[in-house]
2 protein chains.
Amino acid sequence: MRLPDFKVEQWMNVYEGQAVYNLTDTCAKALTVQELLDLEPMDLNHIRLDYGEITGDRELKKRIVELYKTGSIDTVTTCHGCLEANDLVMNTLLEPGDEVIICQPSYQQFEDIPKSLGCIVHKVELDESNHWLPKLEDFKKYLGPKTKMIILNNPNNPTGTLLDEAYLTALAALCRPFGTYIFCDEVYRGFSDEPSISDLYENGISTSSLSKVYALAGLRFGWIKANTDVIHAINVRRDYTMISTGPWIDALADLALRHREELVQRNIELIHKNKAAVRSWLETESRYSVELPASGTVAFMKYHFDLPSETLAKQLLADTGVFFVPGSCFDHEYHVRLGLAQDPKILKQGLSVLSDWTNRHVG
Amino acid sequence: MRLPDFKVEQWMNVYEGQAVYNLTDTCAKALTVQELLDLEPMDLNHIRLDYGEITGDRELKKRIVELYKTGSIDTVTTCHGCLEANDLVMNTLLEPGDEVIICQPSYQQFEDIPKSLGCIVHKVELDESNHWLPKLEDFKKYLGPKTKMIILNNPNNPTGTLLDEAYLTALAALCRPFGTYIFCDEVYRGFSDEPSISDLYENGISTSSLSKVYALAGLRFGWIKANTDVIHAINVRRDYTMISTGPWIDALADLALRHREELVQRNIELIHKNKAAVRSWLETESRYSVELPASGTVAFMKYHFDLPSETLAKQLLADTGVFFVPGSCFDHEYHVRLGLAQDPKILKQGLSVLSDWTNRHVG
């Protein structure tokens, strides 16, 4: 089942290496193994490289459950990153002909995997004029007995939209009569007390990983939390697609979660500084505007001049080394994705270079 | 898309922990990280846990190419184990309505993933009376313009069938007029100079991993080798399902392949000893017989008494701790899978216990 190019991933693959000022990345600079071990010394070399516990180390799963208000280890399974978690959820639960509702702009995986499985995909627009929130009525319009799943990213990439507990509870109430799953990629959750759909709705499915909030993308460790029926069905599929994450990854993931507050704090401070820098930059910069998000690591910055976003991003990168993912990768023009977790020095310099470039090219 | 239970994996998950004499495993006791580092000291702790090179470290891919007679790094991509490699190949290339030919008995993934994708699956029987070889004419019977793919496991789990270069070349000649892919899981290849389909046929696709031949299952490292069009299409899908394997796994995989001869030699010696032990045991044991394979780590042992294989395996395990995967997990009765890579002491003891148990229960 052929899939189209994954635009944002392809963009990152092709252009990220040329960035001098990477203003678009979704995570802070990754930690080294040593930096993790500095948090707590541990003998990793004794680990025997067998399959390990098939659905993930028990202690590790307990620690994952602690990230939520409800659940037990039977409501969790593990995998290689949130992307694989999402793929497992959709491949396990969706069937040809199922209807799915997604938000736009969001992560392309949520549209193209269901389409490749023969699902009918309805789109609800995120409203920039209202903090990038989707309208509940828009979901209502499409919801019915054939709606197998609503797919959300909360906080959302690229807009930073954060759906709060009240919103999610209201959405769950709309879904309940139809048994519709609400599947929520929560990979950007963890900086504050953002709600998890798996705590709020019996058919809520949460996925996450250590990649964004913990800056450990290279560990390729993620998980799924859902009711035990869903987890069982996903575990059946895992036997066909991955078997296990392996004991070394599980051990380091466990170490990271034992020290989650320290790891998260580092990124909270970065984001805090970067938001302040963006706010201060915007005070003298009228050609750009951005809704800074309540949580997560990204925002979707609007520019107020007439240039296709791909042209802007390519020219800017070639001229200055300032690197953005263009809105075109999210089918949404006149925007670029702004990352908020990078080195604040780079961000400040990059924004200043961006203004200079805009002076020269746009005026 | 729901899948049925993966019988052999479920069996291992549920019962392996109770084994005293594990006579069925497909790989030798896994190495520890330290045992790998003993081959060549290396500072793993400096590794930064970012995504790493998206389609796998370049040097590592060069080393993978060296396992074959043809190819370049553009004919290789990496993933988490051979299982994921297989899943990527089938999900990328198969479409609903495609016809697929598989062998029986073999690994359940090759039947149920295509079926879940809406493919029509034809089965060719492996002939125990002829070294578990499939008849070329049986493939011919099903081959036609709608045949998208033949799926093989070479050497085969559970029978140990090894298709040689002449056989594969003849099969490729049958497939060529239809452009049919020959996808071959070669995870048990590497003990001798077994052929690879990717060296013999332009539409040949090989998958493998470090799990079996190198006893490093917990590294969860595998790869795909195929023509550049296939690799490109798979890399597009990888962006939706895994992104990368991560730099730590890549570094250790590279180390393992730099020392592949030492790692393989250890297992060759184990298998050599174990085959000798099985042969000597069979001289005085008429109730069992087995075609010992030319390569790979498994054989499919026949028993000559009337007991369903699941009953046999369960009762034997409960009574004695001797552990087998029953033929029922491969839809093939009166057989159990015999592993040939375990500790020879365990194998010898286990076979002796098996004979005693058979004396008591079968006579």
# chains A, B, ... in the order shown; residues from 1 in each chain; ligands from 1
>>> interface_residues(of="chain A", to="chain B", cutoff="7 Å", atoms="only C-alpha atoms", output="VMD selection string")
chain A and resid 1 to 3 5 to 6 9 30 to 34 45 to 52 80 83 to 84 87 91 to 95 109 216 to 220 236 to 237 239 to 242 245 to 247
>>> residues_around(residues="Phe300 in chain A", least_positions_apart="3", cutoff="7 Å", atoms="only C-alpha atoms", output="list in words")
Pro158, Thr159, Val290, His335, Val336, Arg337 and Leu338 of chain A
>>> write_last_selection(atoms="C-alpha atoms", output="compact mmCIF listing (two decimals), in the first residue's frame")
# COMPACT_ATOMS: atom_id res chain seq x y z
CA PRO A 158 2.33 22.40 14.18
CA THR A 159 -0.16 24.79 15.78
CA VAL A 290 2.22 33.84 16.18
CA HIS A 335 2.89 29.89 7.87
CA VAL A 336 6.10 28.27 9.02
CA ARG A 337 6.58 25.96 11.98
CA LEU A 338 8.44 27.61 14.81
>>> atom_distance(atom1="CA of Tyr21 in chain B", atom2="CA of Ala313 in chain B")
12.3 Å
>>> residues_around(residues="Tyr142 in chain A", least_positions_apart="3", cutoff="12 Å", atoms="only C-alpha atoms", output="VMD selection string")
chain A and resid 99 to 102 120 to 124 136 to 139 145 to 150 174 to 175 178 180
>>> closest_residue(among="B:Gly339, B:Gly321, B:Gly350, B:Pro114", to="Lys212 in chain B", atoms="only C-alpha atoms")
B:Gly339
>>> atom_distance(atom1="CA of Thr78 in chain B", atom2="CA of Ser198 in chain B")
15.4 Å
>>> residues_around(residues="Val65 in chain A", least_positions_apart="6", cutoff="12 Å", atoms="only C-alpha atoms", output="list in words")
Arg58, Glu59, Gly71, Ser72, Ile73, Asp74, Thr75, Val76, Thr77, Thr78, Ser196, Ser198, Asp199, Ser206, Ser208, Trp223, Ile224, Lys225, Ala226 and Leu257 of chain A
>>> residues_around(residues="His361 in chain A", least_positions_apart="3", cutoff="10 Å", atoms="only C-alpha atoms", output="list in words")
Leu312, Gln315, Leu316, Ser355, Asp356, Trp357 and Thr358 of chain A
>>> select_by_dssp(residues="range 77-320 of chain B", states="helix (DSSP H, G or I)", output="ChimeraX atom specification")
/B:81-93,109-116,128-130,136-142,165-178,197-200,217-219,228-241,247-258,260-282,309-320
>>> residues_around(residues="Ala341 in chain B", least_positions_apart="5", cutoff="12 Å", atoms="only C-alpha atoms", output="ChimeraX atom specification")
/B:22-30,188,191,212-215,264-275,277-278,295-299,346-347
>>> atom_distance(atom1="CA of Leu351 in chain B", atom2="CA of Val322 in chain B")
8.3 Å
>>> select_by_dssp(residues="range 160-344 of chain B", states="strand (DSSP E)", output="ChimeraX atom specification")
/B:181-185,204-209,222-225,288-289,298-303,322-323,325-326,335-339
>>> residues_around(residues="Pro105 in chain A", least_positions_apart="4", cutoff="8 Å", atoms="only C-alpha atoms", output="list in words")
Glu125, Leu126, Pro158, Thr159, Phe330, Asp331 and His332 of chain A
>>> write_last_selection(atoms="C-alpha atoms", output="PDB file, in the first residue's frame")
ATOM      1  CA  GLU A 125     -10.215  22.924  10.578  1.00  0.00           C
ATOM      2  CA  LEU A 126      -8.256  24.396  13.452  1.00  0.00           C
ATOM      3  CA  PRO A 158       2.331  22.401  14.177  1.00  0.00           C
ATOM      4  CA  THR A 159      -0.164  24.794  15.785  1.00  0.00           C
ATOM      5  CA  PHE A 330       0.992  20.891   6.432  1.00  0.00           C
ATOM      6  CA  ASP A 331      -1.128  22.012   3.464  1.00  0.00           C
ATOM      7  CA  HIS A 332      -1.451  25.422   5.083  1.00  0.00           C
TER       8      HIS A 332
END
